[in-house]
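The file structure-v9.cif comes next; it holds mmCIF, C-alpha atoms.
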```
data_start
loop_
_atom_site.label_atom_id
_atom_site.label_comp_id
_atom_site.auth_asym_id
_atom_site.auth_seq_id
_atom_site.Cartn_x
_atom_site.Cartn_y
_atom_site.Cartn_z
CA MET M 1239 11.77 -48.59 -4.43
CA LEU M 1240 9.67 -48.11 -7.54
CA LYS M 1241 6.35 -49.84 -8.01
CA ARG M 1242 5.94 -52.15 -10.97
CA TRP M 1243 4.90 -50.26 -14.10
CA ASP M 1244 1.51 -51.97 -14.27
CA SER M 1245 0.88 -50.99 -10.62
CA LEU M 1246 1.12 -47.26 -11.30
CA PRO M 1247 -2.06 -45.17 -11.52
CA GLY M 1248 -3.52 -45.27 -15.02
CA TYR M 1249 -2.93 -41.58 -15.69
CA MET M 1250 0.80 -42.09 -15.10
CA ARG M 1251 1.20 -45.03 -17.48
CA ASN M 1252 1.77 -43.18 -20.72
CA ASP M 1253 4.50 -43.11 -23.38
CA THR M 1254 6.05 -39.88 -22.10
CA VAL M 1255 6.42 -41.13 -18.52
CA ARG M 1256 7.87 -44.54 -19.45
CA PRO M 1257 11.40 -43.29 -20.34
CA TYR M 1258 11.68 -41.59 -16.94
CA TYR M 1259 10.45 -44.76 -15.23
CA ASP M 1260 13.08 -46.85 -17.02
CA ILE M 1261 15.85 -44.46 -15.92
CA LEU M 1262 14.83 -44.67 -12.27
CA LYS M 1263 14.40 -48.44 -12.40
CA LYS M 1264 18.05 -48.82 -13.39
CA ARG M 1265 19.16 -46.64 -10.48
CA TRP M 1266 17.60 -48.71 -7.72
CA MET M 1267 20.68 -48.40 -5.51
CA SER M 1268 20.45 -44.60 -5.51
CA LEU M 1269 16.75 -44.88 -4.64
CA LEU M 1270 17.61 -47.14 -1.69
CA LEU M 1271 20.33 -44.77 -0.48
CA LYS M 1272 17.98 -41.83 -0.90
CA ARG M 1273 15.34 -43.27 1.43
CA THR M 1274 17.89 -44.49 3.98
CA PHE M 1275 19.56 -41.08 4.06
CA ASP M 1276 16.22 -39.24 4.28
CA PHE M 1277 15.03 -41.24 7.27
CA ALA M 1278 18.29 -41.26 9.22
CA ILE M 1279 19.17 -37.58 8.75
CA SER M 1280 15.63 -36.31 9.38
CA VAL M 1281 15.47 -38.19 12.70
CA VAL M 1282 18.82 -36.72 13.76
CA LEU M 1283 17.75 -33.20 12.71
CA VAL M 1284 14.46 -33.44 14.61
CA VAL M 1285 16.37 -34.27 17.80
CA ILE M 1286 18.89 -31.46 17.26
CA LEU M 1287 16.41 -28.81 16.14
CA LEU M 1288 13.58 -29.59 18.56
CA PRO M 1289 14.52 -26.68 20.91
CA VAL M 1290 14.56 -24.30 17.93
CA MET M 1291 11.15 -25.52 16.78
CA VAL M 1292 9.74 -25.02 20.29
CA ILE M 1293 11.01 -21.42 20.32
CA ILE M 1294 9.52 -20.79 16.87
CA GLY M 1295 6.20 -22.22 18.03
CA ILE M 1296 6.11 -19.90 21.03
CA GLY M 1297 6.89 -16.94 18.76
CA ILE M 1298 4.07 -17.83 16.37
CA MET M 1299 1.54 -18.06 19.19
CA ALA M 1300 2.69 -14.72 20.62
CA ASP M 1301 2.57 -13.00 17.22
CA SER M 1302 -0.98 -13.84 16.11
CA LYS M 1303 -4.07 -15.89 16.86
CA GLY M 1304 -4.21 -19.45 15.56
CA GLY M 1305 -2.32 -22.70 15.78
CA ILE M 1306 1.41 -23.24 15.46
CA PHE M 1307 1.25 -25.40 12.37
CA PHE M 1308 -0.17 -24.95 8.90
CA VAL M 1309 -1.47 -28.23 7.50
CA GLN M 1310 -2.50 -28.51 3.86
CA GLU M 1311 -3.31 -31.31 1.43
CA ARG M 1312 -0.60 -31.83 -1.19
CA VAL M 1313 0.25 -34.51 -3.75
CA THR M 1314 3.31 -36.77 -3.59
CA GLN M 1315 4.62 -40.01 -5.14
CA TYR M 1316 2.15 -41.91 -7.37
CA GLY M 1317 -0.40 -39.11 -6.97
CA ARG M 1318 -1.02 -39.93 -3.33
CA LYS M 1319 -2.45 -37.10 -1.26
CA PHE M 1320 -0.93 -36.29 2.11
CA LYS M 1321 -0.94 -33.57 4.76
CA ILE M 1322 2.11 -31.33 4.59
CA PHE M 1323 3.31 -29.73 7.84
CA LYS M 1324 4.68 -26.18 8.01
CA PHE M 1325 4.95 -23.54 10.68
CA ARG M 1326 2.04 -21.13 10.25
CA THR M 1327 3.22 -17.93 8.57
CA MET M 1328 -0.15 -16.41 7.74
CA VAL M 1329 -3.09 -15.18 9.77
CA LYS M 1330 -5.57 -17.78 10.98
CA ASN M 1331 -7.33 -19.48 8.02
CA GLY M 1332 -5.20 -17.35 5.68
CA GLU M 1333 -5.26 -20.03 2.95
CA LYS M 1334 -9.02 -19.47 2.62
CA LEU M 1335 -8.68 -15.71 2.21
CA GLY M 1336 -6.79 -15.54 -1.08
CA ASP M 1337 -4.95 -17.35 -3.88
CA GLN M 1338 -3.38 -20.81 -3.63
CA VAL M 1339 0.01 -19.16 -4.24
CA THR M 1340 1.42 -16.59 -1.78
CA VAL M 1341 3.09 -13.43 -3.12
CA ASP M 1342 5.94 -11.55 -1.47
CA HIS M 1343 4.03 -8.76 0.28
CA ASP M 1344 0.88 -10.79 0.88
CA ARG M 1345 -1.17 -9.12 3.60
CA ARG M 1346 -1.98 -12.54 5.05
CA ILE M 1347 1.64 -13.09 6.14
CA THR M 1348 2.38 -12.32 9.81
CA LYS M 1349 5.47 -10.49 11.10
CA ILE M 1350 7.21 -13.62 12.32
CA GLY M 1351 5.91 -15.45 9.26
CA ARG M 1352 7.85 -13.13 6.98
CA LEU M 1353 11.05 -13.93 8.86
CA LEU M 1354 10.39 -17.67 8.78
CA ARG M 1355 9.74 -17.60 5.04
CA LYS M 1356 12.88 -15.59 4.32
CA TYR M 1357 15.12 -18.27 5.85
CA ARG M 1358 12.77 -21.18 5.01
CA LEU M 1359 12.41 -22.00 8.69
CA ASP M 1360 8.68 -22.50 8.15
CA GLU M 1361 9.56 -25.77 6.42
CA LEU M 1362 11.29 -27.38 9.41
CA PRO M 1363 8.17 -29.43 10.34
CA GLN M 1364 8.49 -31.16 6.97
CA LEU M 1365 11.16 -33.28 8.65
CA PHE M 1366 8.22 -35.24 10.06
CA ASN M 1367 6.82 -35.65 6.53
CA ILE M 1368 10.18 -37.08 5.48
CA ILE M 1369 10.22 -39.53 8.39
CA LEU M 1370 6.72 -40.68 7.44
CA GLY M 1371 7.85 -41.23 3.84
CA ASP M 1372 5.56 -38.59 2.35
CA MET M 1373 8.48 -36.44 1.29
CA SER M 1374 12.22 -36.47 0.62
CA PHE M 1375 14.92 -33.87 1.18
CA CYS M 1376 15.33 -33.52 -2.56
CA GLY M 1377 12.56 -33.64 -5.15
CA ALA M 1378 9.89 -31.64 -6.94
CA ARG M 1379 7.96 -29.46 -4.50
CA PRO M 1380 4.56 -30.96 -3.61
CA GLU M 1381 1.72 -29.11 -5.32
CA VAL M 1382 -1.88 -28.79 -4.19
CA PRO M 1383 -4.37 -31.00 -6.10
CA TYR M 1384 -5.68 -27.89 -7.88
CA PHE M 1385 -2.44 -27.55 -9.87
CA VAL M 1386 -1.75 -31.28 -10.24
CA ARG M 1387 -5.02 -31.65 -12.14
CA GLY M 1388 -3.50 -29.41 -14.81
CA TYR M 1389 -0.29 -31.46 -15.24
CA SER M 1390 0.64 -32.50 -18.77
CA LYS M 1391 1.28 -36.19 -19.44
CA GLU M 1392 5.03 -35.67 -19.17
CA MET M 1393 4.73 -33.74 -15.89
CA MET M 1394 3.20 -36.87 -14.36
CA ALA M 1395 6.73 -38.33 -14.40
CA THR M 1396 7.60 -36.12 -11.41
CA LEU M 1397 5.17 -38.23 -9.38
CA LEU M 1398 7.44 -41.26 -9.77
CA LEU M 1399 9.44 -39.92 -6.81
CA PRO M 1400 8.37 -38.51 -3.44
CA ALA M 1401 7.85 -34.76 -3.29
CA GLY M 1402 10.84 -32.85 -1.95
CA VAL M 1403 11.75 -30.02 0.39
CA THR M 1404 14.16 -28.60 -2.18
CA SER M 1405 15.26 -29.00 -5.80
CA GLU M 1406 17.09 -27.19 -8.56
CA ALA M 1407 13.75 -25.58 -9.48
CA SER M 1408 13.26 -24.42 -5.89
CA ILE M 1409 16.68 -22.76 -5.90
CA ARG M 1410 16.15 -21.02 -9.22
CA TYR M 1411 12.67 -19.86 -8.23
CA LYS M 1412 13.41 -18.97 -4.62
CA ASP M 1413 12.09 -15.46 -5.38
CA GLU M 1414 8.90 -16.82 -6.89
CA ALA M 1415 6.73 -14.79 -4.50
CA LYS M 1416 8.30 -11.55 -5.76
CA MET M 1417 7.76 -12.58 -9.38
CA LEU M 1418 4.04 -13.07 -8.77
CA GLU M 1419 3.52 -9.92 -6.73
CA GLY M 1420 1.05 -7.40 -8.17
CA LEU M 1421 -0.46 -9.76 -10.76
CA CYS M 1422 -4.23 -9.88 -11.16
CA ASP M 1423 -4.61 -13.67 -11.48
CA VAL M 1424 -1.76 -15.24 -9.52
CA ASN M 1425 -3.07 -18.81 -9.83
CA LYS M 1426 -3.36 -18.56 -13.62
CA VAL M 1427 0.11 -17.08 -14.12
CA TYR M 1428 1.63 -19.71 -11.84
CA ALA M 1429 -0.13 -22.59 -13.61
CA GLU M 1430 0.54 -21.39 -17.14
CA LYS M 1431 4.01 -19.83 -16.84
CA ILE M 1432 5.90 -20.54 -13.59
CA LEU M 1433 4.94 -24.19 -13.07
CA PRO M 1434 5.86 -25.37 -16.60
CA GLU M 1435 9.26 -23.67 -16.28
CA LYS M 1436 9.90 -25.31 -12.90
CA MET M 1437 8.84 -28.65 -14.33
CA ARG M 1438 11.60 -28.48 -16.95
CA TYR M 1439 14.13 -28.56 -14.12
CA ASN M 1440 12.21 -31.27 -12.25
CA LEU M 1441 12.07 -33.53 -15.31
CA TYR M 1442 15.73 -32.95 -16.07
CA ALA M 1443 16.54 -33.93 -12.47
CA ILE M 1444 14.91 -37.33 -13.07
CA LYS M 1445 17.01 -37.87 -16.18
CA LYS M 1446 20.15 -37.11 -14.17
CA PHE M 1447 18.93 -38.76 -10.96
CA GLY M 1448 21.61 -39.99 -8.60
CA PHE M 1449 22.17 -39.98 -4.84
CA LEU M 1450 25.33 -37.84 -4.97
CA ARG M 1451 23.61 -35.30 -7.23
CA GLU M 1452 20.88 -34.90 -4.64
CA ILE M 1453 23.46 -34.23 -1.92
CA TRP M 1454 24.89 -31.55 -4.20
CA ILE M 1455 21.44 -29.95 -4.63
CA MET M 1456 20.99 -29.87 -0.85
CA MET M 1457 24.35 -28.14 -0.45
CA LYS M 1458 23.36 -25.58 -3.10
CA THR M 1459 20.12 -24.94 -1.21
CA VAL M 1460 21.94 -24.21 2.05
CA ARG M 1461 24.25 -21.79 0.23
CA ALA M 1462 21.29 -20.05 -1.45
CA VAL M 1463 19.46 -19.63 1.87
CA MET M 1464 22.56 -18.28 3.60
CA ARG M 1465 22.97 -15.70 0.84
#
```

If you took the structure in this file and wrote it as structure tokens, what would it be?
Amino acid sequence: MLKRWDSLPGYMRNDTVRPYYDILKKRWMSLLLKRTFDFAISVVLVVILLPVMVIIGIGIMADSKGGIFFVQERVTQYGRKFKIFKFRTMVKNGEKLGDQVTVDHDRRITKIGRLLRKYRLDELPQLFNIILGDMSFCGARPEVPYFVRGYSKEMMATLLLPAGVTSEASIRYKDEAKMLEGLCDVNKVYAEKILPEKMRYNLYAIKKFGFLREIWIMMKTVRAVMR
């Protein structure tokens, strides 16, 4: 459920965020269904996919040095920071060896990591983030604090909901890594061009927020990955 308006962080209480807040407040039933669905389905999927995750973990350890998981600080609902879980797809400490954004043929990506990224299997551990309430199946992708600090006042509205594993923006920019490949300043191009475009879809999703619409987005994501 939503916090009271006067309980939100000060930087979120502005005139451009308020209309989005009012829309979500009226759709409290969809918010309740969203959280119930997230928790129940993620628990079921963890049980079903646990053998697959064990196999992936063994493959990661055999492919390169380092741990199985990649853990990074991201930002979710109300600007709260949390640790996102992913299967490691880069070399050990790869996040410290380059840009915040990973391009398609990034040298830091391992052999098995490339396969995991292609089918988005690296994101399976985020089921635990969903169980903990840090994330949802559907919502704006969680950004690192570096990019959140550059959000416009209106972009802050995306922090009214938990960060998501997928969204309309994620589907439309599934080839984002290819788009950024070969650029001199990847972080700058992402912050000034890609992120604002993705945010248009994320903000529109809040205006049209509804539980059934989120189920539809999840179905579109599965179809996009299978293609």

Taking the file as I've supplied it (selection: the PyMOL selection byres ((chain M and resi 1265-1276) around 12)), which residues are included? Please answer as a PDB file with C-alpha atoms, in the frame of the given file.
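The result, stored in result21.pdb:
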```
ATOM      1  CA  MET M1239      11.770 -48.590  -4.430  1.00  0.00           C
ATOM      2  CA  LEU M1240       9.670 -48.110  -7.540  1.00  0.00           C
ATOM      3  CA  LYS M1241       6.350 -49.840  -8.010  1.00  0.00           C
ATOM      4  CA  TYR M1258      11.680 -41.590 -16.940  1.00  0.00           C
ATOM      5  CA  TYR M1259      10.450 -44.760 -15.230  1.00  0.00           C
ATOM      6  CA  ASP M1260      13.080 -46.850 -17.020  1.00  0.00           C
ATOM      7  CA  ILE M1261      15.850 -44.460 -15.920  1.00  0.00           C
ATOM      8  CA  LEU M1262      14.830 -44.670 -12.270  1.00  0.00           C
ATOM      9  CA  LYS M1263      14.400 -48.440 -12.400  1.00  0.00           C
ATOM     10  CA  LYS M1264      18.050 -48.820 -13.390  1.00  0.00           C
ATOM     11  CA  PHE M1277      15.030 -41.240   7.270  1.00  0.00           C
ATOM     12  CA  ALA M1278      18.290 -41.260   9.220  1.00  0.00           C
ATOM     13  CA  ILE M1279      19.170 -37.580   8.750  1.00  0.00           C
ATOM     14  CA  SER M1280      15.630 -36.310   9.380  1.00  0.00           C
ATOM     15  CA  VAL M1281      15.470 -38.190  12.700  1.00  0.00           C
ATOM     16  CA  VAL M1282      18.820 -36.720  13.760  1.00  0.00           C
ATOM     17  CA  LEU M1283      17.750 -33.200  12.710  1.00  0.00           C
ATOM     18  CA  VAL M1284      14.460 -33.440  14.610  1.00  0.00           C
ATOM     19  CA  GLN M1364       8.490 -31.160   6.970  1.00  0.00           C
ATOM     20  CA  LEU M1365      11.160 -33.280   8.650  1.00  0.00           C
ATOM     21  CA  PHE M1366       8.220 -35.240  10.060  1.00  0.00           C
ATOM     22  CA  ASN M1367       6.820 -35.650   6.530  1.00  0.00           C
ATOM     23  CA  ILE M1368      10.180 -37.080   5.480  1.00  0.00           C
ATOM     24  CA  ILE M1369      10.220 -39.530   8.390  1.00  0.00           C
ATOM     25  CA  LEU M1370       6.720 -40.680   7.440  1.00  0.00           C
ATOM     26  CA  GLY M1371       7.850 -41.230   3.840  1.00  0.00           C
ATOM     27  CA  ASP M1372       5.560 -38.590   2.350  1.00  0.00           C
ATOM     28  CA  MET M1373       8.480 -36.440   1.290  1.00  0.00           C
ATOM     29  CA  SER M1374      12.220 -36.470   0.620  1.00  0.00           C
ATOM     30  CA  PHE M1375      14.920 -33.870   1.180  1.00  0.00           C
ATOM     31  CA  CYS M1376      15.330 -33.520  -2.560  1.00  0.00           C
ATOM     32  CA  GLY M1377      12.560 -33.640  -5.150  1.00  0.00           C
ATOM     33  CA  LEU M1398       7.440 -41.260  -9.770  1.00  0.00           C
ATOM     34  CA  LEU M1399       9.440 -39.920  -6.810  1.00  0.00           C
ATOM     35  CA  PRO M1400       8.370 -38.510  -3.440  1.00  0.00           C
ATOM     36  CA  GLY M1402      10.840 -32.850  -1.950  1.00  0.00           C
ATOM     37  CA  VAL M1403      11.750 -30.020   0.390  1.00  0.00           C
ATOM     38  CA  ILE M1444      14.910 -37.330 -13.070  1.00  0.00           C
ATOM     39  CA  LYS M1445      17.010 -37.870 -16.180  1.00  0.00           C
ATOM     40  CA  LYS M1446      20.150 -37.110 -14.170  1.00  0.00           C
ATOM     41  CA  PHE M1447      18.930 -38.760 -10.960  1.00  0.00           C
ATOM     42  CA  GLY M1448      21.610 -39.990  -8.600  1.00  0.00           C
ATOM     43  CA  PHE M1449      22.170 -39.980  -4.840  1.00  0.00           C
ATOM     44  CA  LEU M1450      25.330 -37.840  -4.970  1.00  0.00           C
ATOM     45  CA  ARG M1451      23.610 -35.300  -7.230  1.00  0.00           C
ATOM     46  CA  GLU M1452      20.880 -34.900  -4.640  1.00  0.00           C
ATOM     47  CA  ILE M1453      23.460 -34.230  -1.920  1.00  0.00           C
ATOM     48  CA  MET M1456      20.990 -29.870  -0.850  1.00  0.00           C
TER      49      MET M1456
END
```

- request: Give as a PyMOL selection string the residues that the PyMOL selection byres ((chain M and resi 1433) around 12) matches when applied to the coordinates above.
  value: chain M and resi 1339+1378-1381+1385-1386+1388-1390+1393+1407-1408+1411+1414+1418+1424-1432+1434-1441

Counting all atoms listed in the file, which residues of range 1352-1441 of chain M fall within 9 Å of range 1242-1252 of chain M, and what is the closest atom pair for each with its distance in Å at one decimal, ordered by chain and rising number, as a Markdown table?
```
| residue | atom | partner | partner_atom | distance |
| --- | --- | --- | --- | --- |
| M:Lys1391 | CA | M:Asn1252 | CA | 7.1 |
| M:Glu1392 | CA | M:Asn1252 | CA | 8.3 |
| M:Met1394 | CA | M:Met1250 | CA | 5.8 |
| M:Ala1395 | CA | M:Met1250 | CA | 7.1 |
| M:Leu1397 | CA | M:Met1250 | CA | 8.2 |
| M:Leu1398 | CA | M:Met1250 | CA | 8.6 |
```

Let me have the centre and edge lengths of the axis-aligned box enclosing all listed atoms of range 1383-1386 of chain M with 3 Å padding on every side, in Å to one decimal, as lines of an AutoDock Vina configuration file.
```
center_x = -3.7
center_y = -29.4
center_z = -8.2
size_x = 9.9
size_y = 9.7
size_z = 10.1
```

Selection near Ile1298 in chain M, 10 Å with all atoms listed in the file, sequence-local residues under 2 positions removed, as a PDB file with C-alpha atoms, in the coordinates of the input:
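Result written to part.pdb:
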```pdb
ATOM      1  CA  VAL M1292       9.740 -25.020  20.290  1.00  0.00           C
ATOM      2  CA  ILE M1293      11.010 -21.420  20.320  1.00  0.00           C
ATOM      3  CA  ILE M1294       9.520 -20.790  16.870  1.00  0.00           C
ATOM      4  CA  GLY M1295       6.200 -22.220  18.030  1.00  0.00           C
ATOM      5  CA  ILE M1296       6.110 -19.900  21.030  1.00  0.00           C
ATOM      6  CA  ALA M1300       2.690 -14.720  20.620  1.00  0.00           C
ATOM      7  CA  ASP M1301       2.570 -13.000  17.220  1.00  0.00           C
ATOM      8  CA  SER M1302      -0.980 -13.840  16.110  1.00  0.00           C
ATOM      9  CA  LYS M1303      -4.070 -15.890  16.860  1.00  0.00           C
ATOM     10  CA  GLY M1304      -4.210 -19.450  15.560  1.00  0.00           C
ATOM     11  CA  GLY M1305      -2.320 -22.700  15.780  1.00  0.00           C
ATOM     12  CA  ILE M1306       1.410 -23.240  15.460  1.00  0.00           C
ATOM     13  CA  PHE M1307       1.250 -25.400  12.370  1.00  0.00           C
ATOM     14  CA  PHE M1325       4.950 -23.540  10.680  1.00  0.00           C
ATOM     15  CA  ARG M1326       2.040 -21.130  10.250  1.00  0.00           C
ATOM     16  CA  THR M1327       3.220 -17.930   8.570  1.00  0.00           C
ATOM     17  CA  MET M1328      -0.150 -16.410   7.740  1.00  0.00           C
ATOM     18  CA  THR M1348       2.380 -12.320   9.810  1.00  0.00           C
ATOM     19  CA  LYS M1349       5.470 -10.490  11.100  1.00  0.00           C
ATOM     20  CA  ILE M1350       7.210 -13.620  12.320  1.00  0.00           C
ATOM     21  CA  GLY M1351       5.910 -15.450   9.260  1.00  0.00           C
ATOM     22  CA  LEU M1354      10.390 -17.670   8.780  1.00  0.00           C
TER      23      LEU M1354
END
```

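The space separating CA of Lys1324 in chain M from CA of Glu1406 in chain M comes to 20.7 Å.
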
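When CA of Asp1413 in chain M is paired with CA of Lys1356 in chain M, their separation reads 9.7 Å.
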
message: I'd like to know which of M:Thr1396, M:Leu1353, M:Met1291, M:Lys1416 is closest to Val1255 in chain M, using all atoms listed in the file.
response: M:Thr1396

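With CA of Ile1455 in chain M on one side and CA of Ser1405 in chain M on the other, the separation reads 6.4 Å.
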
Report the residues retrieved by the PyMOL selection byres ((chain M and resi 1320) around 10) from the displayed file, expressed as a PDB file with C-alpha atoms, in the frame of the given file.
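As a result, result.pdb now contains:
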```pdb
ATOM      1  CA  VAL M1309      -1.470 -28.230   7.500  1.00  0.00           C
ATOM      2  CA  GLN M1310      -2.500 -28.510   3.860  1.00  0.00           C
ATOM      3  CA  GLU M1311      -3.310 -31.310   1.430  1.00  0.00           C
ATOM      4  CA  ARG M1312      -0.600 -31.830  -1.190  1.00  0.00           C
ATOM      5  CA  VAL M1313       0.250 -34.510  -3.750  1.00  0.00           C
ATOM      6  CA  THR M1314       3.310 -36.770  -3.590  1.00  0.00           C
ATOM      7  CA  GLN M1315       4.620 -40.010  -5.140  1.00  0.00           C
ATOM      8  CA  GLY M1317      -0.400 -39.110  -6.970  1.00  0.00           C
ATOM      9  CA  ARG M1318      -1.020 -39.930  -3.330  1.00  0.00           C
ATOM     10  CA  LYS M1319      -2.450 -37.100  -1.260  1.00  0.00           C
ATOM     11  CA  LYS M1321      -0.940 -33.570   4.760  1.00  0.00           C
ATOM     12  CA  ILE M1322       2.110 -31.330   4.590  1.00  0.00           C
ATOM     13  CA  PHE M1323       3.310 -29.730   7.840  1.00  0.00           C
ATOM     14  CA  ASN M1367       6.820 -35.650   6.530  1.00  0.00           C
ATOM     15  CA  ASP M1372       5.560 -38.590   2.350  1.00  0.00           C
ATOM     16  CA  MET M1373       8.480 -36.440   1.290  1.00  0.00           C
ATOM     17  CA  PRO M1380       4.560 -30.960  -3.610  1.00  0.00           C
ATOM     18  CA  VAL M1382      -1.880 -28.790  -4.190  1.00  0.00           C
TER      19      VAL M1382
END
```

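Proximity to Leu1362 in chain M was assessed for M:Leu1288, M:Met1457, M:Asp1423, M:Asp1253 counting all atoms listed in the file; the smallest distance is recorded for M:Leu1288.
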
Please list as a PDB file with C-alpha atoms, in the coordinates of the input every residue within 12 Å of Arg1465 in chain M, counting all atoms listed in the file and excluding residues in the same chain fewer than 5 positions away.
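Listed below is the output, out_31.pdb:
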```pdb
ATOM      1  CA  LYS M1356      12.880 -15.590   4.320  1.00  0.00           C
ATOM      2  CA  TYR M1357      15.120 -18.270   5.850  1.00  0.00           C
ATOM      3  CA  ILE M1409      16.680 -22.760  -5.900  1.00  0.00           C
ATOM      4  CA  LYS M1412      13.410 -18.970  -4.620  1.00  0.00           C
ATOM      5  CA  LYS M1458      23.360 -25.580  -3.100  1.00  0.00           C
ATOM      6  CA  THR M1459      20.120 -24.940  -1.210  1.00  0.00           C
ATOM      7  CA  VAL M1460      21.940 -24.210   2.050  1.00  0.00           C
TER       8      VAL M1460
END
```

message: When you count all atoms listed in the file, which of these residues is closest to Met1299 in chain M: M:Glu1419, M:Val1329, M:Val1285, M:Tyr1384?
response: M:Val1329
